[in-house]
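Enquirer: See work-v7.cif below, with mmCIF, C-alpha atoms.
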```
data_model
loop_
_atom_site.label_atom_id
_atom_site.label_comp_id
_atom_site.auth_asym_id
_atom_site.auth_seq_id
_atom_site.Cartn_x
_atom_site.Cartn_y
_atom_site.Cartn_z
CA MET R 926 98.67 123.13 129.07
CA LEU R 927 101.85 123.28 131.12
CA PRO R 928 101.46 123.32 134.90
CA PRO R 929 102.65 126.55 136.56
CA PRO R 930 106.35 126.62 137.47
CA LYS R 931 107.21 125.97 141.11
CA ASP R 932 108.70 129.43 141.58
CA PRO R 933 105.71 131.83 141.92
CA SER R 934 107.81 134.70 140.60
CA ARG R 935 108.15 132.86 137.27
CA VAL R 936 104.46 132.12 136.74
CA ALA R 937 103.72 135.30 134.80
CA SER R 938 106.76 135.05 132.50
CA ALA R 939 105.98 131.41 131.75
CA ALA R 940 102.38 132.29 130.89
CA ARG R 941 103.58 135.11 128.61
CA ALA R 942 106.00 132.72 126.89
CA VAL R 943 103.25 130.19 126.24
CA ALA R 944 101.01 132.97 124.91
CA THR R 945 103.78 134.09 122.55
CA LEU R 946 104.22 130.57 121.21
CA ALA R 947 100.46 130.25 120.78
CA GLU R 948 100.38 133.51 118.84
CA VAL R 949 103.30 132.61 116.56
CA PHE R 950 102.25 129.06 115.85
CA GLY R 951 98.48 129.49 115.93
CA PRO R 952 96.71 126.21 115.11
CA ARG R 953 100.10 124.55 114.62
CA MET R 954 100.49 124.51 118.40
CA ILE R 955 98.57 121.76 120.16
CA ALA R 956 98.34 122.03 123.93
CA GLY R 957 97.54 119.04 126.08
CA GLN R 958 97.74 118.41 129.79
CA GLY R 959 101.40 118.97 130.63
CA PHE R 960 102.66 119.38 127.09
CA MET R 961 102.70 121.46 123.93
CA ALA R 962 103.40 120.02 120.48
CA PHE R 963 104.21 122.12 117.44
CA SER R 964 103.70 121.58 113.73
CA ARG R 965 102.12 118.16 114.08
CA ASN R 966 99.49 116.59 111.86
CA ALA R 967 97.36 115.24 114.72
CA SER R 968 95.07 113.95 112.00
CA PHE R 969 93.16 111.79 114.47
CA ARG R 970 91.20 114.94 115.24
CA GLY R 971 89.60 114.66 111.80
CA ASP R 972 88.44 111.05 112.07
CA PRO R 973 84.64 111.22 111.91
CA GLY R 974 84.01 109.06 114.98
CA PHE R 975 86.79 110.68 116.97
CA ALA R 976 85.80 114.22 115.99
CA GLU R 977 82.18 113.60 116.90
CA ALA R 978 83.16 112.19 120.29
CA ALA R 979 85.61 115.06 120.88
CA ALA R 980 82.96 117.64 120.06
CA ARG R 981 80.87 116.26 122.90
CA LEU R 982 83.60 116.50 125.53
CA PRO R 983 82.13 118.36 128.46
CA ASP R 984 84.58 121.20 129.12
CA GLU R 985 87.94 122.81 128.37
CA ASP R 986 89.82 120.46 130.70
CA ALA R 987 88.47 117.52 128.77
CA ARG R 988 89.41 119.13 125.45
CA PHE R 989 93.02 119.34 126.63
CA ARG R 990 92.85 115.56 126.88
CA VAL R 991 92.23 115.02 123.17
CA TRP R 992 95.70 113.64 122.43
CA ALA R 993 95.53 111.37 125.48
CA LEU R 994 92.18 110.14 124.21
CA HIS R 995 93.82 109.40 120.85
CA VAL R 996 96.29 107.17 122.69
CA LEU R 997 93.45 105.40 124.47
CA ASP R 998 91.52 105.13 121.23
CA TRP R 999 94.53 103.64 119.41
CA ALA R 1000 95.18 101.13 122.18
CA PHE R 1001 91.54 100.07 122.21
CA GLU R 1002 91.47 99.59 118.44
CA SER R 1003 94.95 98.09 118.18
CA SER R 1004 94.05 95.44 120.75
CA ALA R 1005 90.82 94.45 118.96
CA LYS R 1006 92.56 91.57 117.19
CA VAL R 1007 93.78 90.12 120.49
CA GLU R 1008 91.40 87.68 122.13
CA GLY R 1009 90.01 88.98 125.39
CA SER R 1010 88.07 91.65 127.22
CA ALA R 1011 88.65 95.38 127.26
CA VAL R 1012 89.09 96.25 130.92
CA PHE R 1013 88.80 99.75 132.35
CA PHE R 1014 90.16 100.04 135.88
CA GLY R 1015 89.44 103.30 137.61
CA THR R 1016 88.67 104.98 134.28
CA MET R 1017 86.62 108.16 134.27
CA THR R 1018 83.15 107.61 132.89
CA ALA R 1019 83.75 110.41 130.37
CA ASP R 1020 86.67 108.49 128.86
CA VAL R 1021 84.67 105.28 128.50
CA GLU R 1022 81.81 107.22 126.96
CA PHE R 1023 84.28 108.88 124.58
CA LEU R 1024 85.47 105.52 123.31
CA ALA R 1025 81.92 104.24 123.03
CA ARG R 1026 81.05 107.22 120.83
CA ALA R 1027 84.27 107.13 118.82
CA HIS R 1028 83.92 103.44 117.99
CA ALA R 1029 80.14 103.15 117.85
CA GLY R 1030 79.34 99.56 116.74
CA ALA R 1031 82.81 98.18 117.41
CA PHE R 1032 82.56 99.17 121.07
CA GLU R 1033 79.36 97.22 121.60
CA GLY R 1034 80.93 94.24 119.85
CA ARG R 1035 83.64 93.86 122.48
CA ASP R 1036 83.42 92.49 125.97
CA ILE R 1037 83.76 95.64 128.06
CA VAL R 1038 84.53 95.28 131.77
CA ARG R 1039 84.62 98.28 134.10
CA LEU R 1040 86.31 97.68 137.42
CA GLY R 1041 86.96 99.72 140.54
CA GLU R 1042 89.10 99.12 143.58
CA ASN R 1043 86.38 97.11 145.33
CA ASP R 1044 85.72 94.77 142.42
CA ALA R 1045 87.21 91.31 142.75
CA ALA R 1046 86.32 90.24 139.22
CA ALA R 1047 89.13 89.24 136.90
CA PRO R 1048 88.28 88.38 133.29
CA ARG R 1049 89.91 85.17 132.11
CA ARG R 1050 91.36 86.84 129.01
CA ILE R 1051 92.25 90.52 128.70
CA ALA R 1052 93.28 92.25 125.46
CA PHE R 1053 93.16 95.84 126.66
CA LEU R 1054 93.66 97.33 130.09
CA HIS R 1055 93.32 100.96 131.01
CA LEU R 1056 94.80 101.63 134.42
CA ALA R 1057 93.62 104.95 135.77
CA ALA R 1058 93.04 104.73 139.51
CA LYS R 1059 96.17 106.83 140.10
CA ASP R 1060 96.95 104.99 143.34
CA ALA R 1061 99.94 102.68 143.40
CA ALA R 1062 98.68 100.26 146.05
CA ILE R 1063 95.27 99.87 144.45
CA GLU R 1064 96.70 99.52 140.96
CA LEU R 1065 99.40 97.05 141.97
CA ALA R 1066 96.77 94.90 143.64
CA ALA R 1067 94.69 95.11 140.47
CA LEU R 1068 97.66 94.21 138.29
CA GLU R 1069 98.46 91.21 140.48
CA ARG R 1070 94.87 90.06 140.10
CA LEU R 1071 94.49 90.82 136.40
CA SER R 1072 97.92 90.01 134.98
CA SER R 1073 97.29 86.28 134.63
CA GLY R 1074 94.49 87.16 132.22
CA LEU R 1075 96.53 89.57 130.09
CA GLN R 1076 97.14 87.94 126.73
CA SER R 1077 100.36 88.19 124.80
CA GLY R 1078 100.04 91.30 122.65
CA ALA R 1079 97.53 92.96 124.98
CA VAL R 1080 97.90 96.71 125.30
CA VAL R 1081 98.06 98.30 128.74
CA VAL R 1082 97.66 102.07 129.01
CA VAL R 1083 98.72 103.57 132.32
CA GLU R 1084 97.15 106.98 132.78
CA ASP R 1085 99.45 109.64 134.26
CA PHE R 1086 102.35 107.20 134.30
CA GLY R 1087 104.69 110.08 133.54
CA ALA R 1088 103.15 112.62 135.92
CA SER R 1089 105.89 113.83 138.23
CA ALA R 1090 103.28 114.56 140.90
CA LEU R 1091 102.77 110.76 141.06
CA ILE R 1092 106.45 109.83 141.03
CA GLU R 1093 106.16 107.16 143.75
CA ARG R 1094 103.40 105.45 141.77
CA HIS R 1095 105.57 105.74 138.64
CA VAL R 1096 108.43 103.96 140.37
CA ALA R 1097 106.19 101.25 141.84
CA LEU R 1098 104.52 100.48 138.52
CA LEU R 1099 107.86 100.56 136.71
CA GLN R 1100 109.18 97.97 139.15
CA PHE R 1101 106.12 95.79 138.60
CA PHE R 1102 106.55 95.76 134.83
CA ARG R 1103 110.34 95.46 134.90
CA ALA R 1104 110.08 92.44 137.18
CA ARG R 1105 108.14 90.80 134.36
CA GLY R 1106 110.61 91.80 131.67
CA MET R 1107 108.61 94.73 130.32
CA ALA R 1108 108.78 98.50 130.50
CA PRO R 1109 106.23 101.16 129.68
CA LEU R 1110 106.82 103.54 126.82
CA GLU R 1111 106.61 106.97 128.44
CA ILE R 1112 104.88 109.29 126.02
CA GLY R 1113 104.40 113.03 126.00
CA THR R 1114 100.78 112.83 127.08
CA ALA R 1115 102.16 111.50 130.39
CA GLN R 1116 100.63 108.11 129.65
CA GLY R 1117 102.57 104.88 129.64
CA ILE R 1118 102.04 102.08 127.15
CA VAL R 1119 102.96 98.46 127.76
CA LEU R 1120 102.73 95.71 125.17
CA TRP R 1121 102.15 92.68 127.33
CA ARG R 1122 104.31 89.65 126.55
CA MET O 875 118.37 121.30 125.05
CA ALA O 876 116.95 123.58 122.38
CA LEU O 877 113.37 123.28 121.29
CA GLY O 878 113.54 122.30 117.64
CA GLN O 879 116.18 124.89 116.80
CA ASN O 880 117.90 124.24 113.48
CA ASP O 881 115.14 121.86 112.55
CA PRO O 882 114.42 122.60 108.87
CA GLY O 883 110.73 121.93 109.37
CA LEU O 884 110.36 124.45 112.16
CA SER O 885 111.89 127.66 110.88
CA ASP O 886 109.66 129.69 113.19
CA TRP O 887 112.01 128.69 116.02
CA ASN O 888 114.52 131.19 114.77
CA ALA O 889 112.15 134.14 115.22
CA PRO O 890 113.47 136.40 118.01
CA GLN O 891 110.22 136.38 120.00
CA VAL O 892 110.14 132.57 119.89
CA ARG O 893 113.73 132.30 121.05
CA ALA O 894 112.90 134.69 123.91
CA ALA O 895 109.81 132.65 124.84
CA VAL O 896 111.84 129.44 124.89
CA ALA O 897 114.48 131.10 127.07
CA ASP O 898 111.75 132.29 129.46
CA LEU O 899 110.30 128.80 129.74
CA ILE O 900 113.70 127.29 130.45
CA ALA O 901 114.30 129.96 133.10
CA ALA O 902 110.88 129.34 134.64
CA TYR O 903 110.97 125.54 134.81
CA GLY O 904 114.69 124.79 134.95
CA LYS O 905 115.21 121.04 134.84
CA GLY O 906 111.45 120.57 135.19
CA ILE O 907 110.81 121.02 131.50
CA PHE O 908 111.64 118.90 128.48
CA MET O 909 112.07 120.93 125.32
CA GLY O 910 113.15 119.51 122.04
CA ASP O 911 112.09 118.36 118.61
CA GLY O 912 109.00 120.58 118.40
CA PHE O 913 107.73 119.47 121.76
CA ALA O 914 107.65 120.75 125.33
CA ALA O 915 106.53 118.92 128.47
CA ALA O 916 106.51 120.00 132.10
CA GLY O 917 105.45 118.23 135.26
CA GLN O 918 106.52 114.94 133.73
CA VAL O 919 108.98 112.33 134.95
CA VAL O 920 110.77 111.87 131.59
CA GLY O 921 112.41 108.80 133.04
CA PHE O 922 114.83 108.29 130.17
CA GLY O 923 116.41 111.66 131.00
CA ALA O 924 117.51 110.25 134.35
CA ASP O 925 118.64 106.95 132.86
CA GLN O 926 122.40 107.47 132.72
CA ALA O 927 122.95 104.54 130.39
CA PHE O 928 120.48 106.04 127.94
CA VAL O 929 121.82 109.59 128.23
CA GLN O 930 125.44 108.55 127.84
CA THR O 931 124.63 106.29 124.90
CA PHE O 932 122.59 109.02 123.25
CA LEU O 933 125.31 111.64 123.60
CA GLY O 934 128.09 109.15 122.91
CA ALA O 935 126.59 108.24 119.54
CA GLY O 936 127.54 111.68 118.27
CA PRO O 937 124.26 113.47 117.55
CA ASP O 938 124.42 116.46 115.23
CA ASP O 939 122.64 119.72 116.07
CA ASN O 940 119.26 118.37 114.95
CA GLU O 941 119.64 114.92 116.47
CA ARG O 942 120.61 116.39 119.82
CA ALA O 943 116.97 117.39 120.24
CA TRP O 944 115.68 113.85 119.66
CA PRO O 945 116.09 111.93 122.94
CA TRP O 946 112.36 111.30 123.20
CA ARG O 947 112.34 109.83 119.67
CA LEU O 948 115.22 107.59 120.70
CA HIS O 949 113.37 106.57 123.84
CA THR O 950 110.58 105.34 121.58
CA LEU O 951 112.97 103.40 119.36
CA VAL O 952 114.85 101.79 122.24
CA TRP O 953 111.55 100.83 123.86
CA ALA O 954 110.30 99.31 120.60
CA ALA O 955 113.56 97.42 120.07
CA LYS O 956 113.55 95.98 123.58
CA THR O 957 109.85 95.16 123.41
CA VAL O 958 110.21 93.02 120.28
CA LEU O 959 113.07 90.90 121.61
CA SER O 960 110.48 88.20 122.29
CA VAL O 961 109.18 88.45 118.71
CA PRO O 962 110.87 86.43 115.94
CA GLY O 963 112.56 88.38 113.19
CA ASP O 964 115.32 90.78 112.30
CA PHE O 965 115.62 94.51 112.79
CA VAL O 966 115.35 96.82 109.79
CA GLU O 967 115.89 100.51 109.23
CA CYS O 968 115.07 102.12 105.88
CA GLY O 969 116.72 105.53 105.79
CA VAL O 970 119.84 105.39 107.92
CA PHE O 971 121.47 108.78 107.25
CA ARG O 972 124.65 108.86 109.37
CA GLY O 973 123.45 105.93 111.48
CA PHE O 974 122.84 107.87 114.67
CA MET O 975 119.49 106.42 115.64
CA SER O 976 120.34 102.79 114.93
CA LEU O 977 123.68 103.18 116.67
CA VAL O 978 121.88 104.23 119.86
CA VAL O 979 119.57 101.22 119.53
CA CYS O 980 122.48 98.84 118.91
CA ARG O 981 124.47 100.12 121.85
CA MET O 982 121.50 100.14 124.24
CA LEU O 983 120.64 96.54 123.32
CA GLN O 984 124.24 95.36 122.99
CA PHE O 985 123.08 94.14 119.64
CA ASP O 986 126.25 92.19 118.91
CA ARG O 987 125.13 89.74 121.60
CA ILE O 988 121.73 89.21 119.99
CA ALA O 989 121.25 86.34 117.57
CA ARG O 990 119.55 88.27 114.80
CA SER O 991 120.52 90.72 112.10
CA PHE O 992 119.97 94.47 111.82
CA TRP O 993 119.56 95.54 108.19
CA LEU O 994 120.37 99.18 107.46
CA PHE O 995 119.25 100.39 104.02
CA ASP O 996 120.13 103.76 102.53
CA THR O 997 121.04 105.22 99.16
CA PHE O 998 123.83 107.20 100.85
CA ALA O 999 123.08 109.69 98.09
CA GLY O 1000 119.91 111.37 99.29
CA LEU O 1001 116.45 110.88 97.85
CA ALA O 1002 116.28 108.76 94.71
CA ALA O 1003 114.59 110.29 91.68
CA GLY O 1004 112.26 107.38 91.02
CA ARG O 1005 111.09 107.12 94.62
CA SER O 1006 110.55 110.71 95.66
CA SER O 1007 108.91 113.85 94.37
CA GLU O 1008 110.76 116.82 92.94
CA GLN O 1009 109.55 118.86 95.88
CA GLU O 1010 110.91 116.34 98.41
CA ARG O 1011 114.27 116.21 96.64
CA GLY O 1012 114.38 119.98 96.41
CA ALA O 1013 113.81 120.28 100.15
CA LEU O 1014 116.43 117.79 101.24
CA ASN O 1015 119.02 116.71 98.69
CA ASP O 1016 121.26 119.75 99.18
CA MET O 1017 121.41 118.88 102.87
CA TYR O 1018 122.26 115.26 102.02
CA ASP O 1019 125.05 116.47 99.70
CA ARG O 1020 126.52 118.61 102.46
CA ALA O 1021 126.20 115.76 104.96
CA ARG O 1022 128.54 113.59 102.88
CA GLN O 1023 131.34 115.60 104.48
CA GLU O 1024 129.99 114.72 107.91
CA GLY O 1025 129.66 110.97 107.79
CA TYR O 1026 126.77 110.39 105.42
CA THR O 1027 128.57 107.82 103.28
CA TYR O 1028 128.42 104.07 103.01
CA ASP O 1029 132.01 103.68 104.20
CA ALA O 1030 131.57 105.94 107.22
CA VAL O 1031 128.37 104.21 108.35
CA LYS O 1032 129.88 100.78 107.72
CA ALA O 1033 132.82 101.75 109.94
CA LYS O 1034 130.48 103.10 112.61
CA PHE O 1035 128.79 99.71 112.94
CA ALA O 1036 131.98 97.66 112.76
CA PRO O 1037 131.64 96.61 116.44
CA PHE O 1038 128.34 94.94 115.48
CA PRO O 1039 129.10 92.09 113.06
CA ASN O 1040 125.41 91.25 112.79
CA VAL O 1041 124.57 94.69 111.38
CA LYS O 1042 124.33 94.73 107.58
CA VAL O 1043 124.82 98.15 105.97
CA ILE O 1044 123.35 98.01 102.48
CA GLN O 1045 123.52 100.71 99.84
CA GLY O 1046 120.64 100.93 97.40
CA VAL O 1047 117.26 102.37 96.60
CA VAL O 1048 114.35 101.02 98.65
CA PRO O 1049 112.47 98.89 97.60
CA ASP O 1050 114.56 97.94 94.51
CA VAL O 1051 117.47 96.93 96.71
CA PHE O 1052 115.33 94.22 98.36
CA ALA O 1053 115.79 92.14 95.18
CA THR O 1054 119.37 91.55 96.27
CA ALA O 1055 119.15 91.76 100.08
CA CYS O 1056 116.08 91.37 102.23
CA PRO O 1057 115.25 89.83 105.61
CA ARG O 1058 112.78 86.94 105.69
CA ARG O 1059 111.09 87.96 108.96
CA ILE O 1060 111.07 91.26 110.76
CA ALA O 1061 110.44 92.16 114.41
CA TYR O 1062 111.44 95.84 114.31
CA LEU O 1063 110.92 98.12 111.33
CA HIS O 1064 111.97 101.77 111.42
CA ILE O 1065 111.15 103.82 108.33
CA ASP O 1066 112.77 107.22 107.89
CA MET O 1067 113.27 108.04 104.22
CA ASN O 1068 111.54 111.43 104.12
CA ALA O 1069 109.84 110.55 100.83
CA ALA O 1070 106.26 109.35 100.63
CA ALA O 1071 106.66 107.05 97.61
CA ALA O 1072 109.73 105.35 99.07
CA GLU O 1073 108.15 104.87 102.49
CA VAL O 1074 104.91 103.43 101.12
CA ALA O 1075 106.93 101.17 98.80
CA ALA O 1076 108.89 99.95 101.82
CA LEU O 1077 105.65 99.16 103.62
CA GLU O 1078 104.36 97.30 100.55
CA ALA O 1079 107.51 95.21 100.46
CA LEU O 1080 108.14 94.63 104.14
CA PHE O 1081 104.99 94.85 106.24
CA ASP O 1082 103.90 91.28 105.43
CA LYS O 1083 107.27 90.11 106.71
CA VAL O 1084 106.72 91.71 110.12
CA SER O 1085 105.91 89.04 112.69
CA PRO O 1086 102.79 89.33 114.85
CA GLY O 1087 103.76 91.48 117.82
CA GLY O 1088 106.42 93.25 115.77
CA ILE O 1089 106.56 97.05 115.83
CA VAL O 1090 106.76 99.54 112.99
CA VAL O 1091 107.92 103.10 113.75
CA LEU O 1092 107.43 105.82 111.13
CA ASP O 1093 109.87 108.57 111.97
CA ASP O 1094 108.26 111.66 110.44
CA TYR O 1095 104.64 110.50 110.47
CA GLY O 1096 103.36 113.34 112.65
CA ARG O 1097 105.35 116.23 111.25
CA LEU O 1098 103.18 118.80 109.55
CA ASP O 1099 105.77 119.42 106.84
CA TYR O 1100 105.31 115.76 105.86
CA ALA O 1101 101.53 115.95 105.76
CA HIS O 1102 101.41 114.33 102.31
CA MET O 1103 103.46 111.37 103.54
CA HIS O 1104 101.35 111.16 106.67
CA ALA O 1105 98.17 110.97 104.60
CA ALA O 1106 99.58 108.28 102.32
CA GLU O 1107 100.80 106.13 105.19
CA ARG O 1108 97.68 106.58 107.23
CA ARG O 1109 95.55 105.51 104.29
CA TRP O 1110 97.85 102.56 103.63
CA PHE O 1111 97.47 101.27 107.17
CA ARG O 1112 93.78 102.08 107.38
CA ASP O 1113 93.14 99.98 104.24
CA ARG O 1114 94.73 97.06 106.06
CA GLY O 1115 92.82 97.56 109.29
CA TYR O 1116 95.68 99.02 111.32
CA PRO O 1117 95.40 102.19 113.38
CA VAL O 1118 98.56 104.30 113.65
CA LEU O 1119 99.42 105.85 117.00
CA GLU O 1120 100.57 109.42 116.37
CA LEU O 1121 103.04 110.17 119.13
CA PRO O 1122 103.76 113.73 120.28
CA THR O 1123 107.38 113.14 119.17
CA GLY O 1124 106.12 113.17 115.60
CA GLN O 1125 106.61 109.44 115.21
CA GLY O 1126 103.92 106.99 114.15
CA LEU O 1127 103.69 103.57 115.79
CA VAL O 1128 101.97 100.41 114.60
CA VAL O 1129 101.82 97.00 116.29
CA LYS O 1130 101.55 94.13 113.82
CA ARG O 1131 98.84 91.59 114.63
#
```
Taking this structure as input, can you express it in the form of structure tokens?
Expert:
Amino acid sequence: MLPPPKDPSRVASAARAVATLAEVFGPRMIAGQGFMAFSRNASFRGDPGFAEAAARLPDEDARFRVWALHVLDWAFESSAKVEGSAVFFGTMTADVEFLARAHAGAFEGRDIVRLGENDAAAPRRIAFLHLAAKDAAIELAALERLSSGLQSGAVVVVEDFGASALIERHVALLQFFRARGMAPLEIGTAQGIVLWR
Amino acid sequence: MALGQNDPGLSDWNAPQVRAAVADLIAAYGKGIFMGDGFAAAGQVVGFGADQAFVQTFLGAGPDDNERAWPWRLHTLVWAAKTVLSVPGDFVECGVFRGFMSLVVCRMLQFDRIARSFWLFDTFAGLAAGRSSEQERGALNDMYDRARQEGYTYDAVKAKFAPFPNVKVIQGVVPDVFATACPRRIAYLHIDMNAAAAEVAALEALFDKVSPGGIVVLDDYGRLDYAHMHAAERRWFRDRGYPVLELPTGQGLVVKR
């Protein structure tokens, strides 16, 4: 759902406008964190593994993350043909569990590495990296440590890359990738996607 | 920027209460909201909106009323095009229309300085009978006929890309036209023919030519009014072990492995 507008006097009218759109479009309006999409297929919601994992999301906040989880799910699956580990850095346990449920056997078949800011480990080869610590200094240090292991074709998903509340982090991460000749694709879920070269 | 107004797939946008709701959201968020192409986002950076080179190129390419709402789609295409510059192969677009989207890509990349070709395929006569359904033709071919007065012709598109000698504008029905003109290797493949049979036929003919690391973008993959095409393409990729990323823009994205 959209965050409230900065002007408190506009909060009520914005909420009414969203409610009107929801009424007119019904199930054709899909609300996520920070966005609304209209008249989309969003067929990922019907994938058996994905639907089962989504049904077990713990609360309404988590359900607003369904499209973001599709992005994560796609990146995880799309990187399966690249040699290397799937690395989760700062990822919420609920997201990792979601992928484990959505992919069942395939998840267990991959080398999964969960890292936090105090972990010094760096897998030799990385095919998938989820960056979700939401702290520029911590994530830049992690990227410096992990980037030598990122394989060509690896998929990096940066959580909240497009969140304006984290604009300084956005700029810092953008500089990191640009310095290496890459740029994240900013998508409407506020995530960023990098195809590592 | 109007939220999907004039988009033939989103006629609900013309309802008075929807127009009023959109106006209220714009008043509430000001520049803090992106609205366009059946999508709204707030509290987001939308970096391409502050990228003057992108904005000027987008507007300078002469978008029509529909295309004016597509900057996020173009952000995806420009990103894909830049990302595959390290991947061997040509660029291909099937379904060019007036050339707006590929013109933005060419200008952003200064494509005339790049040692590869950009192949632009279109009938320049709307949806072909043998490669589309009656329903698809009924929905769109009147619009294509009208658009001939507004630059949807081979000659007009050819002239538009004259500054890019490495862009090949080719008139013909996909995939039949590939018998006479077809790239050997592809790094960037954009499919936008608004007809399920034609788009699947293009995938059949071209996907094997896409180099590992190459990117395929399906323009209308996520649009509900193209649900039949979405299902066909999704199944096609699933049968080959490829997941399709459905972007909130309505585009589908696949990375070739």
Enquirer: Near Lys1032 of chain O, within 12 Å and counting all atoms listed in the file, which residues show up once chain neighbours fewer than 2 positions away are dropped, as a list of chain:residue names?
Expert: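 Here the answer would be O:Val970, O:Phe971, O:Arg972, O:Gly973, O:Leu977, O:Trp993, O:Leu994, O:Phe995, O:Asp996, O:Phe998, O:Gly1025, O:Tyr1026, O:Thr1027, O:Tyr1028, O:Asp1029, O:Ala1030, O:Lys1034, O:Phe1035, O:Ala1036, O:Pro1037, O:Phe1038, O:Pro1039, O:Asn1040, O:Val1041, O:Lys1042, O:Val1043, O:Ile1044, O:Gln1045.
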Enquirer: Show me, as a Markdown table, the residues of chain O having an atom within 6 Å of chain R, each with the closest atom pair and its distance in Å, using all atoms listed in the file.
Expert:
```
| residue | atom | partner | partner_atom | distance |
| --- | --- | --- | --- | --- |
| O:Ala895 | CA | R:Ala942 | CA | 4.3 |
| O:Leu899 | CA | R:Ala939 | CA | 5.4 |
| O:Ala902 | CA | R:Arg935 | CA | 5.2 |
| O:Tyr903 | CA | R:Pro930 | CA | 5.4 |
| O:Gly912 | CA | R:Phe963 | CA | 5.1 |
| O:Phe913 | CA | R:Ala962 | CA | 4.5 |
| O:Ala914 | CA | R:Met961 | CA | 5.2 |
| O:Ala915 | CA | R:Phe960 | CA | 4.1 |
| O:Ala916 | CA | R:Gly959 | CA | 5.4 |
| O:Gly917 | CA | R:Ser1089 | CA | 5.3 |
| O:Gln918 | CA | R:Ala1088 | CA | 4.6 |
| O:Val919 | CA | R:Ser1089 | CA | 4.7 |
| O:Gly1096 | CA | R:Asn966 | CA | 5.1 |
| O:Arg1097 | CA | R:Arg965 | CA | 4.7 |
| O:Leu1098 | CA | R:Arg965 | CA | 4.7 |
| O:Leu1119 | CA | R:Trp999 | CA | 5.9 |
| O:Pro1122 | CA | R:Gly1113 | CA | 5.8 |
```
Enquirer: So, with only C-alpha atoms as the atoms that count, which of R:Arg990, R:Arg1070, R:His1055, R:Arg1039 lies closest to Ile1118 of chain R?
Expert: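 Closest to Ile1118 of chain R, using only C-alpha atoms: R:His1055.
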Enquirer: Just to confirm, what's the straight-line distance from atom CA of Val1074 of chain O to atom CA of His1028 of chain R in Å (one decimal)?
Expert: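 For atom CA of Val1074 of chain O relative to atom CA of His1028 of chain R, the distance reads 26.9 Å.
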Enquirer: Run the PyMOL selection byres ((chain R and resi 1047) around 6) mentally over the shown coordinates, then write out the matched residues as a ChimeraX atom specification, using the chain letters and numbers from the document.
Expert: /R:1046,1048,1071
Enquirer: Selected by the PyMOL selection byres ((chain O and resi 1055-1066) around 6) in the shown coordinates: which residues, as a ChimeraX atom specification?
Expert: /O:958,961-969,1052-1054,1067-1068,1083-1085,1088-1093
